[in-house]
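As provided, query.csv (CSV, C-alpha atoms and all ligand atoms) reads as follows.
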```csv
chain,number,residue,atom,x,y,z
A,1,MET,CA,75.2,123.4,23.1
A,2,THR,CA,73.1,126.4,22.2
A,3,THR,CA,70.0,126.1,20.1
A,4,ILE,CA,68.8,129.1,18.2
A,5,ARG,CA,65.8,129.5,15.9
A,6,SER,CA,66.1,130.4,12.3
A,7,GLU,CA,63.3,131.5,10.0
A,8,LEU,CA,62.9,129.1,7.1
A,9,ALA,CA,65.6,129.7,4.5
A,10,ASP,CA,67.0,132.7,6.4
A,11,PRO,CA,70.7,132.7,5.3
A,12,THR,CA,71.8,135.3,7.8
A,13,THR,CA,73.1,133.2,10.6
A,14,GLN,CA,76.7,132.1,10.0
A,15,LEU,CA,78.2,129.0,11.5
A,16,ALA,CA,81.6,129.5,10.0
A,17,ASP,CA,83.0,131.2,13.1
A,18,PRO,CA,84.4,128.5,15.4
A,19,ASP,CA,82.8,130.2,18.4
A,20,ALA,CA,79.3,130.2,16.7
A,21,PRO,CA,76.6,128.0,18.2
A,22,ALA,CA,77.0,124.4,17.3
A,23,LYS,CA,73.3,123.9,16.6
A,24,LEU,CA,71.0,126.0,14.5
A,25,HIS,CA,67.3,125.1,14.9
A,26,VAL,CA,65.6,125.2,11.5
A,27,VAL,CA,61.8,125.7,11.6
A,28,GLY,CA,59.9,123.2,9.5
A,29,GLY,CA,56.3,123.9,8.6
A,30,ARG,CA,55.2,126.5,6.1
A,31,PRO,CA,52.6,129.1,7.1
A,32,GLY,CA,49.5,129.5,5.0
A,33,ILE,CA,48.0,126.0,4.8
A,34,ASP,CA,44.2,126.2,5.5
A,35,LEU,CA,43.1,122.6,5.7
A,36,PRO,CA,39.3,123.3,5.7
A,37,ALA,CA,39.6,125.5,2.7
A,38,ALA,CA,41.8,123.0,0.9
A,39,GLN,CA,39.2,120.3,1.7
A,40,GLN,CA,36.4,122.4,0.2
A,41,ALA,CA,38.5,123.1,-2.8
A,42,VAL,CA,39.1,119.4,-3.4
A,43,ALA,CA,35.4,118.7,-3.1
A,44,ASP,CA,34.8,121.5,-5.7
A,45,LEU,CA,37.4,120.0,-8.0
A,46,LEU,CA,35.8,116.6,-7.8
A,47,ARG,CA,32.5,118.2,-8.7
A,48,ALA,CA,34.0,120.1,-11.6
A,49,LEU,CA,35.5,116.9,-12.8
A,50,GLY,CA,32.0,115.4,-12.9
A,51,ARG,CA,32.4,113.3,-9.8
A,52,ASP,CA,30.1,113.3,-6.7
A,53,PRO,CA,32.1,114.1,-3.6
A,54,ASP,CA,29.1,113.1,-1.5
A,55,SER,CA,29.1,109.6,-2.8
A,56,ALA,CA,30.1,106.8,-0.4
A,57,HIS,CA,33.4,106.1,-2.2
A,58,LEU,CA,34.5,109.8,-2.3
A,59,ALA,CA,33.2,111.1,1.0
A,60,ASP,CA,36.6,111.1,2.7
A,61,THR,CA,38.6,112.0,-0.4
A,62,PRO,CA,38.6,115.8,0.1
A,63,ARG,CA,40.0,115.3,3.7
A,64,ARG,CA,42.6,112.8,2.5
A,65,VAL,CA,43.8,114.9,-0.4
A,66,ALA,CA,44.0,118.1,1.7
A,67,ASN,CA,46.0,116.2,4.3
A,68,ALA,CA,48.2,114.7,1.7
A,69,TYR,CA,49.1,118.0,0.1
A,70,ALA,CA,49.7,119.6,3.6
A,71,GLU,CA,52.1,116.8,4.4
A,72,MET,CA,53.9,117.0,1.1
A,73,LEU,CA,54.3,120.8,1.5
A,74,THR,CA,55.5,120.7,5.1
A,75,PRO,CA,59.2,120.0,5.8
A,76,ARG,CA,60.2,118.7,9.2
A,77,GLU,CA,62.1,120.9,11.6
A,78,PHE,CA,65.6,119.9,12.6
A,79,ASP,CA,68.8,121.1,14.2
A,80,LEU,CA,71.6,121.9,11.9
A,81,THR,CA,74.4,120.4,14.0
A,82,THR,CA,78.0,121.3,13.1
A,83,PHE,CA,81.3,120.3,14.7
A,84,PRO,CA,84.7,122.0,14.7
A,85,ASN,CA,86.9,120.7,11.9
A,86,ASP,CA,89.6,119.9,14.4
A,87,GLU,CA,91.4,117.5,12.1
A,88,GLY,CA,91.6,120.1,9.3
A,89,TYR,CA,89.8,117.7,6.9
A,90,ASP,CA,90.2,119.4,3.5
A,91,GLU,CA,88.7,117.0,1.0
A,92,LEU,CA,85.2,116.8,-0.4
A,93,VAL,CA,82.4,115.4,1.7
A,94,LEU,CA,79.7,114.1,-0.6
A,95,ALA,CA,76.3,112.5,0.2
A,96,ARG,CA,75.1,110.6,-2.9
A,97,ASP,CA,71.6,109.4,-3.8
A,98,ILE,CA,69.7,111.4,-1.2
A,99,PRO,CA,66.0,110.8,-2.1
A,100,VAL,CA,64.2,113.9,-3.5
A,101,GLN,CA,60.4,114.1,-3.5
A,102,SER,CA,58.9,117.4,-4.5
A,103,LEU,CA,55.8,118.9,-6.3
A,104,CYS,CA,56.0,120.6,-9.7
A,105,GLU,CA,54.5,124.1,-9.3
A,106,HIS,CA,53.1,124.0,-12.8
A,107,HIS,CA,50.9,120.8,-12.6
A,108,LEU,CA,51.0,119.9,-8.8
A,109,LEU,CA,52.3,116.5,-9.8
A,110,PRO,CA,55.3,114.9,-8.1
A,111,PHE,CA,58.9,114.9,-9.3
A,112,GLU,CA,61.1,112.4,-7.7
A,113,GLY,CA,64.8,111.4,-7.9
A,114,VAL,CA,68.0,111.8,-6.1
A,115,ALA,CA,70.3,114.6,-5.0
A,116,HIS,CA,74.1,114.4,-4.6
A,117,VAL,CA,75.2,117.1,-2.1
A,118,GLY,CA,78.8,117.8,-1.4
A,119,TYR,CA,80.9,120.5,0.3
A,120,LEU,CA,84.5,121.3,1.0
A,121,PRO,CA,84.8,122.0,4.7
A,122,GLY,CA,86.0,125.3,6.2
A,123,ASP,CA,86.3,125.7,10.0
A,124,ARG,CA,83.3,123.4,10.7
A,125,ILE,CA,82.0,120.1,9.5
A,126,LEU,CA,78.3,119.2,9.3
A,127,GLY,CA,76.4,116.3,10.8
A,128,LEU,CA,76.0,114.1,7.7
A,129,SER,CA,72.2,113.6,8.0
A,130,LYS,CA,71.8,117.3,7.7
A,131,LEU,CA,72.5,117.3,4.0
A,132,ALA,CA,69.4,115.2,3.4
A,133,ARG,CA,67.4,117.4,5.8
A,134,VAL,CA,68.3,120.5,3.9
A,135,VAL,CA,67.2,118.8,0.7
A,136,GLU,CA,63.8,118.1,2.3
A,137,LEU,CA,63.5,121.6,3.7
A,138,PHE,CA,63.3,122.9,0.1
A,139,ALA,CA,61.8,119.9,-1.7
A,140,ARG,CA,58.6,120.0,0.4
A,141,ASP,CA,57.3,122.9,-1.5
A,142,LEU,CA,55.8,123.8,-4.9
A,143,GLN,CA,59.0,123.8,-7.0
A,144,VAL,CA,60.8,123.8,-10.2
A,145,GLN,CA,63.9,121.7,-10.1
A,146,GLU,CA,66.3,124.5,-11.0
A,147,ARG,CA,65.1,126.6,-8.0
A,148,LEU,CA,65.2,123.6,-5.6
A,149,THR,CA,68.8,122.9,-6.6
A,150,LYS,CA,70.0,126.4,-6.2
A,151,GLN,CA,68.1,126.9,-2.8
A,152,VAL,CA,69.9,123.9,-1.3
A,153,ALA,CA,73.3,125.1,-2.5
A,154,ASP,CA,72.7,128.7,-1.5
A,155,TRP,CA,71.4,127.8,2.0
A,156,LEU,CA,74.4,125.5,2.7
A,157,GLN,CA,76.8,128.1,1.5
A,158,GLY,CA,75.1,130.8,3.7
A,159,HIS,CA,74.8,128.8,6.9
A,160,LEU,CA,77.9,126.6,6.9
A,161,ALA,CA,80.3,129.0,4.9
A,162,PRO,CA,82.4,126.1,3.6
A,163,LYS,CA,85.1,126.5,1.0
A,164,GLY,CA,82.7,125.2,-1.6
A,165,VAL,CA,79.3,123.6,-2.1
A,166,GLY,CA,77.9,121.5,-4.9
A,167,VAL,CA,74.4,120.1,-5.5
A,168,VAL,CA,73.2,117.9,-8.3
A,169,ILE,CA,69.7,116.7,-8.6
A,170,GLU,CA,68.4,114.0,-11.1
A,171,ALA,CA,64.7,113.7,-11.2
A,172,GLU,CA,61.8,112.3,-13.2
A,173,HIS,CA,58.7,114.6,-13.5
A,174,GLN,CA,55.3,112.9,-13.5
A,175,CYS,CA,54.0,115.9,-15.5
A,176,MET,CA,56.3,114.7,-18.3
A,177,SER,CA,55.5,111.0,-17.9
A,178,LEU,CA,51.9,110.6,-16.8
A,179,ARG,CA,50.5,113.2,-19.1
A,180,GLY,CA,51.6,115.7,-21.7
A,181,VAL,CA,54.6,114.6,-23.7
A,182,ARG,CA,54.6,111.2,-21.9
A,183,ALA,CA,58.3,110.9,-22.0
A,184,THR,CA,58.5,108.2,-19.4
A,185,GLY,CA,61.9,107.5,-18.0
A,186,SER,CA,63.4,110.8,-19.0
A,187,ARG,CA,65.4,112.3,-16.1
A,188,THR,CA,66.3,116.0,-15.7
A,189,VAL,CA,69.7,116.8,-14.3
A,190,THR,CA,70.4,120.2,-12.6
A,191,SER,CA,73.4,121.5,-10.7
A,192,SER,CA,74.5,124.4,-8.6
A,193,VAL,CA,78.0,125.0,-7.3
A,194,HIS,CA,79.6,127.6,-5.1
A,195,GLY,CA,83.1,128.6,-4.0
A,196,VAL,CA,86.1,126.5,-4.9
A,197,LEU,CA,83.9,124.0,-6.7
A,198,ARG,CA,82.8,126.7,-9.0
A,199,THR,CA,86.1,128.6,-9.5
A,200,ASN,CA,88.7,125.8,-9.4
A,201,PRO,CA,88.5,123.5,-12.5
A,202,ALA,CA,90.1,120.5,-10.8
A,203,SER,CA,87.8,120.7,-7.7
A,204,ARG,CA,84.8,121.2,-10.0
A,205,GLN,CA,85.8,118.2,-12.0
A,206,GLU,CA,86.3,116.1,-8.9
A,207,PHE,CA,82.9,117.0,-7.6
A,208,PHE,CA,81.1,116.1,-10.8
A,209,ALA,CA,83.1,112.9,-11.2
A,210,LEU,CA,82.1,111.8,-7.6
A,211,THR,CA,78.5,112.5,-8.4
A,212,GLY,CA,78.8,110.4,-11.6
A,213,ILE,CA,78.1,113.4,-13.8
A,214,ALA,CA,80.7,114.4,-16.4
A,215,ALA,CA,81.9,118.0,-15.7
A,301,LIG,N1,62.2,124.4,-16.2
A,301,LIG,C1,61.4,123.5,-15.6
A,301,LIG,N2,60.2,123.2,-16.2
A,301,LIG,C2,59.4,122.4,-15.6
A,301,LIG,C3,59.6,121.8,-14.4
A,301,LIG,N3,58.6,121.0,-14.1
A,301,LIG,C4,57.8,121.0,-15.1
A,301,LIG,N4,58.2,121.9,-16.1
A,301,LIG,C5,57.7,122.3,-17.4
A,301,LIG,O1,56.9,123.4,-17.3
A,301,LIG,C6,56.3,123.6,-18.6
A,301,LIG,C7,55.0,124.2,-18.5
A,301,LIG,O2,54.6,124.5,-19.8
A,301,LIG,P1,53.2,124.9,-20.4
A,301,LIG,O3,53.3,124.9,-21.9
A,301,LIG,O4,52.7,126.1,-19.7
A,301,LIG,O5,52.3,123.7,-19.8
A,301,LIG,P2,51.7,122.4,-20.6
A,301,LIG,O6,50.8,122.9,-21.7
A,301,LIG,O7,51.1,121.5,-19.6
A,301,LIG,O8,53.0,121.7,-21.2
A,301,LIG,P3,53.3,120.2,-21.6
A,301,LIG,O9,53.8,119.6,-20.4
A,301,LIG,O10,54.3,120.3,-22.7
A,301,LIG,O11,52.0,119.6,-22.1
A,301,LIG,C8,56.3,122.2,-19.2
A,301,LIG,O12,57.2,122.2,-20.3
A,301,LIG,C9,56.9,121.3,-18.1
A,301,LIG,O13,57.6,120.2,-18.6
A,301,LIG,C10,60.9,122.2,-13.7
A,301,LIG,O14,61.2,121.7,-12.6
A,301,LIG,N5,61.7,123.0,-14.4
A,302,ZN,ZN,54.9,120.0,-14.2
```

Would you kindly transcribe this structure into structure tokens?
Amino acid sequence: MTTIRSELADPTTQLADPDAPAKLHVVGGRPGIDLPAAQQAVADLLRALGRDPDSAHLADTPRRVANAYAEMLTPREFDLTTFPNDEGYDELVLARDIPVQSLCEHHLLPFEGVAHVGYLPGDRILGLSKLARVVELFARDLQVQERLTKQVADWLQGHLAPKGVGVVIEAEHQCMSLRGVRATGSRTVTSSVHGVLRTNPASRQEFFALTGIAA
């Protein structure tokens, strides 16, 4: 099997061709994280909040916080493994309840929930774990839920070229529960669908029914 490298979120490499490589190596980490600068910024923030970052209790906090943000903003790399659809499987494949953990770009607070990711295969089927890996690829970023949902759907459509793709994300935003409106327990639902799942009402309805969301 061939492994090729893809820039993060580059949708140019098609795997729809049966002769295409069976593995696409997807680069994980994001450029631009400067840990010493982040550490200094956390120390400055603590000071601005009236805390003493040099006190015994807080001495290691800037390092921990900088590392925590770096980890939360760095998706793991993986191989997008596909197989020929030799059996001509032509029904939906749906992975439900994939954990989603991301950071709201407005408040730098987490939003967490689940994604339901489905596709209608074309010439190739996808290793099942890869649906969760693609969710992580875009979730480990500063995000809004709408963009995250669309990026996962667009990326799968671009790289796998299936007959259709659907993504639903249900998440609770800590910026809406810990602070601000304090609407604890409210979950936001977003969706993005492509191909047959968008254009064919019966397929669309089946997809949303399988996710548990009324179409
Ligand atoms: N559309 C969208 N909005 C989000 C998301 N995450 C957080 N927000 C919202 O972004 C908005 C930012 O609004 P602002 O009025 O600038 O910020 P704010 O004063 O902190 O707002 P409050 O949260 O209402 O106190 C808030 O309404 C958040 O709830 C998201 O994923 N998608
Ligand atoms: Zn927010």

Subject >> His107 (chain A) surroundings by all atoms listed in the file, 12 Å radius, close-in-sequence under 6 positions cut, as a VMD selection string >> reply: chain A and resid 142 to 144 173 to 176 178 to 180

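Going from atom N5 of ligand LIG 301 (chain A) over to CA of Asp97 (chain A), you cover 19.9 Å.
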
Subject >> Distance filter 12 Å around ligand LIG 301 (chain A), atoms: all atoms listed in the file, out as a PyMOL selection string >> reply: chain A and resi 101-113+139+141-150+169-183+186-190

Subject >> Pick from A:Ala95, A:Leu58, A:Val114, A:Phe138 nearest to Gly166 (chain A), counting only C-alpha atoms >> reply: A:Ala95

**OP:** Using only C-alpha atoms, collect all residues at a distance of at most 12 Å from (85.1, 125.4, 6.7) as written in the file, then present them as an MDAnalysis selection string.
**Re:** chainID A and resid 14:18 82:93 119:126 156:165 195:196

Subject >> Nearest to Arg198 (chain A) by atom-to-atom distance, counting all atoms listed in the file, from A:Ala38, A:Pro31, A:Arg47, A:Val167 >> reply: A:Val167

Got a sec to check which residues sit within 12 Å of (59.6, 120.7, 8.1), counting all atoms listed in the file, and write them as an mmCIF file with C-alpha atoms, in the frame of the given file?
```cif
data_model
loop_
_atom_site.group_PDB
_atom_site.id
_atom_site.type_symbol
_atom_site.label_atom_id
_atom_site.label_comp_id
_atom_site.auth_asym_id
_atom_site.auth_seq_id
_atom_site.Cartn_x
_atom_site.Cartn_y
_atom_site.Cartn_z
ATOM 1 C CA GLU A 7 63.300 131.500 10.000
ATOM 2 C CA LEU A 8 62.900 129.100 7.100
ATOM 3 C CA ALA A 9 65.600 129.700 4.500
ATOM 4 C CA HIS A 25 67.300 125.100 14.900
ATOM 5 C CA VAL A 26 65.600 125.200 11.500
ATOM 6 C CA VAL A 27 61.800 125.700 11.600
ATOM 7 C CA GLY A 28 59.900 123.200 9.500
ATOM 8 C CA GLY A 29 56.300 123.900 8.600
ATOM 9 C CA ARG A 30 55.200 126.500 6.100
ATOM 10 C CA PRO A 31 52.600 129.100 7.100
ATOM 11 C CA ALA A 70 49.700 119.600 3.600
ATOM 12 C CA GLU A 71 52.100 116.800 4.400
ATOM 13 C CA MET A 72 53.900 117.000 1.100
ATOM 14 C CA LEU A 73 54.300 120.800 1.500
ATOM 15 C CA THR A 74 55.500 120.700 5.100
ATOM 16 C CA PRO A 75 59.200 120.000 5.800
ATOM 17 C CA ARG A 76 60.200 118.700 9.200
ATOM 18 C CA GLU A 77 62.100 120.900 11.600
ATOM 19 C CA PHE A 78 65.600 119.900 12.600
ATOM 20 C CA ASP A 79 68.800 121.100 14.200
ATOM 21 C CA ARG A 133 67.400 117.400 5.800
ATOM 22 C CA VAL A 134 68.300 120.500 3.900
ATOM 23 C CA VAL A 135 67.200 118.800 0.700
ATOM 24 C CA GLU A 136 63.800 118.100 2.300
ATOM 25 C CA LEU A 137 63.500 121.600 3.700
ATOM 26 C CA PHE A 138 63.300 122.900 0.100
ATOM 27 C CA ALA A 139 61.800 119.900 -1.700
ATOM 28 C CA ARG A 140 58.600 120.000 0.400
ATOM 29 C CA ASP A 141 57.300 122.900 -1.500
#
```

Original post:
So how far away is CA of Ala132 (chain A) from CA of Tyr69 (chain A), in Å?
Top reply: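 Those two atoms sit 20.8 Å apart.
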
**OP:** Using all atoms listed in the file, determine which residues lie at most 8 Å from Ala66 (chain A), disregarding the query and same-chain residues fewer than 5 positions distant; provide the list as a PyMOL selection string.
**Re:** chain A and resi 35+38-39+42

Original post:
So what do you get for CA of Val117 (chain A) versus CA of Gly185 (chain A), distance-wise?
Top reply: 22.8 Å

Original post:
With distances taken over all atoms listed in the file, which of A:Ala56, A:Val100, A:Val152, A:Leu131 is nearest to Val193 (chain A)?
Top reply: A:Val152

Edge lengths and centre in Å to one decimal, as lines of an AutoDock Vina configuration file, is what I'm after for the box along x, y and z that holds all listed atoms of region 206-214 of chain A once 5 Å is added on each side.
```
center_x = 82.2
center_y = 113.7
center_z = -12.0
size_x = 18.2
size_y = 16.6
size_z = 18.8
```

Mind completing region 108-135 of chain A with N, CA and C atoms? Output as a PDB file, keeping the file's coordinate frame, please?
```pdb
ATOM      1  N   LEU A 108      51.213 120.548 -10.132  1.00  0.00           N
ATOM      2  CA  LEU A 108      51.000 119.900  -8.800  1.00  0.00           C
ATOM      3  C   LEU A 108      51.144 118.430  -8.853  1.00  0.00           C
ATOM      4  N   LEU A 109      52.038 117.967  -9.715  1.00  0.00           N
ATOM      5  CA  LEU A 109      52.300 116.500  -9.800  1.00  0.00           C
ATOM      6  C   LEU A 109      53.756 116.324  -9.223  1.00  0.00           C
ATOM      7  N   PRO A 110      54.026 115.138  -8.684  1.00  0.00           N
ATOM      8  CA  PRO A 110      55.300 114.900  -8.100  1.00  0.00           C
ATOM      9  C   PRO A 110      56.473 114.866  -9.088  1.00  0.00           C
ATOM     10  N   PHE A 111      57.639 115.317  -8.660  1.00  0.00           N
ATOM     11  CA  PHE A 111      58.900 114.900  -9.300  1.00  0.00           C
ATOM     12  C   PHE A 111      59.759 114.263  -8.287  1.00  0.00           C
ATOM     13  N   GLU A 112      60.404 113.172  -8.699  1.00  0.00           N
ATOM     14  CA  GLU A 112      61.100 112.400  -7.700  1.00  0.00           C
ATOM     15  C   GLU A 112      62.475 111.936  -8.327  1.00  0.00           C
ATOM     16  N   GLY A 113      63.455 111.819  -7.456  1.00  0.00           N
ATOM     17  CA  GLY A 113      64.800 111.400  -7.900  1.00  0.00           C
ATOM     18  C   GLY A 113      65.747 111.386  -6.782  1.00  0.00           C
ATOM     19  N   VAL A 114      66.987 111.759  -7.106  1.00  0.00           N
ATOM     20  CA  VAL A 114      68.000 111.800  -6.100  1.00  0.00           C
ATOM     21  C   VAL A 114      68.814 113.077  -6.171  1.00  0.00           C
ATOM     22  N   ALA A 115      69.381 113.446  -5.014  1.00  0.00           N
ATOM     23  CA  ALA A 115      70.300 114.600  -5.000  1.00  0.00           C
ATOM     24  C   ALA A 115      71.667 114.077  -4.504  1.00  0.00           C
ATOM     25  N   HIS A 116      72.702 114.679  -5.072  1.00  0.00           N
ATOM     26  CA  HIS A 116      74.100 114.400  -4.600  1.00  0.00           C
ATOM     27  C   HIS A 116      74.528 115.804  -4.057  1.00  0.00           C
ATOM     28  N   VAL A 117      74.842 115.837  -2.761  1.00  0.00           N
ATOM     29  CA  VAL A 117      75.200 117.100  -2.100  1.00  0.00           C
ATOM     30  C   VAL A 117      76.563 117.001  -1.495  1.00  0.00           C
ATOM     31  N   GLY A 118      77.462 117.904  -1.909  1.00  0.00           N
ATOM     32  CA  GLY A 118      78.800 117.800  -1.400  1.00  0.00           C
ATOM     33  C   GLY A 118      79.307 119.211  -0.947  1.00  0.00           C
ATOM     34  N   TYR A 119      80.304 119.191  -0.052  1.00  0.00           N
ATOM     35  CA  TYR A 119      80.900 120.500   0.300  1.00  0.00           C
ATOM     36  C   TYR A 119      82.367 120.226   0.710  1.00  0.00           C
ATOM     37  N   LEU A 120      83.132 121.290   0.581  1.00  0.00           N
ATOM     38  CA  LEU A 120      84.500 121.300   1.000  1.00  0.00           C
ATOM     39  C   LEU A 120      84.615 122.063   2.288  1.00  0.00           C
ATOM     40  N   PRO A 121      84.912 121.388   3.405  1.00  0.00           N
ATOM     41  CA  PRO A 121      84.800 122.000   4.700  1.00  0.00           C
ATOM     42  C   PRO A 121      85.719 123.220   4.894  1.00  0.00           C
ATOM     43  N   GLY A 122      85.223 124.177   5.700  1.00  0.00           N
ATOM     44  CA  GLY A 122      86.000 125.300   6.200  1.00  0.00           C
ATOM     45  C   GLY A 122      86.383 124.959   7.652  1.00  0.00           C
ATOM     46  N   ASP A 123      85.972 125.864   8.559  1.00  0.00           N
ATOM     47  CA  ASP A 123      86.300 125.700  10.000  1.00  0.00           C
ATOM     48  C   ASP A 123      85.386 124.657  10.657  1.00  0.00           C
ATOM     49  N   ARG A 124      84.252 124.340  10.018  1.00  0.00           N
ATOM     50  CA  ARG A 124      83.300 123.400  10.700  1.00  0.00           C
ATOM     51  C   ARG A 124      82.881 122.337   9.696  1.00  0.00           C
ATOM     52  N   ILE A 125      82.579 121.156  10.256  1.00  0.00           N
ATOM     53  CA  ILE A 125      82.000 120.100   9.500  1.00  0.00           C
ATOM     54  C   ILE A 125      80.524 119.924   9.923  1.00  0.00           C
ATOM     55  N   LEU A 126      79.709 119.323   9.041  1.00  0.00           N
ATOM     56  CA  LEU A 126      78.300 119.200   9.300  1.00  0.00           C
ATOM     57  C   LEU A 126      77.880 117.811   9.599  1.00  0.00           C
ATOM     58  N   GLY A 127      76.935 117.635  10.549  1.00  0.00           N
ATOM     59  CA  GLY A 127      76.400 116.300  10.800  1.00  0.00           C
ATOM     60  C   GLY A 127      75.847 115.777   9.424  1.00  0.00           C
ATOM     61  N   LEU A 128      76.242 114.558   9.040  1.00  0.00           N
ATOM     62  CA  LEU A 128      76.000 114.100   7.700  1.00  0.00           C
ATOM     63  C   LEU A 128      74.499 114.048   7.306  1.00  0.00           C
ATOM     64  N   SER A 129      73.659 113.658   8.267  1.00  0.00           N
ATOM     65  CA  SER A 129      72.200 113.600   8.000  1.00  0.00           C
ATOM     66  C   SER A 129      71.633 114.907   7.574  1.00  0.00           C
ATOM     67  N   LYS A 130      72.320 115.981   7.960  1.00  0.00           N
ATOM     68  CA  LYS A 130      71.800 117.300   7.700  1.00  0.00           C
ATOM     69  C   LYS A 130      71.713 117.675   6.252  1.00  0.00           C
ATOM     70  N   LEU A 131      72.586 117.037   5.461  1.00  0.00           N
ATOM     71  CA  LEU A 131      72.500 117.300   4.000  1.00  0.00           C
ATOM     72  C   LEU A 131      71.196 116.851   3.457  1.00  0.00           C
ATOM     73  N   ALA A 132      70.730 115.673   3.908  1.00  0.00           N
ATOM     74  CA  ALA A 132      69.400 115.200   3.400  1.00  0.00           C
ATOM     75  C   ALA A 132      68.295 116.044   4.025  1.00  0.00           C
ATOM     76  N   ARG A 133      68.476 116.529   5.243  1.00  0.00           N
ATOM     77  CA  ARG A 133      67.400 117.400   5.800  1.00  0.00           C
ATOM     78  C   ARG A 133      67.282 118.698   5.115  1.00  0.00           C
ATOM     79  N   VAL A 134      68.386 119.247   4.659  1.00  0.00           N
ATOM     80  CA  VAL A 134      68.300 120.500   3.900  1.00  0.00           C
ATOM     81  C   VAL A 134      67.626 120.291   2.566  1.00  0.00           C
ATOM     82  N   VAL A 135      67.886 119.146   1.944  1.00  0.00           N
ATOM     83  CA  VAL A 135      67.200 118.800   0.700  1.00  0.00           C
ATOM     84  C   VAL A 135      65.669 118.802   0.947  1.00  0.00           C
TER      85      VAL A 135
END
```
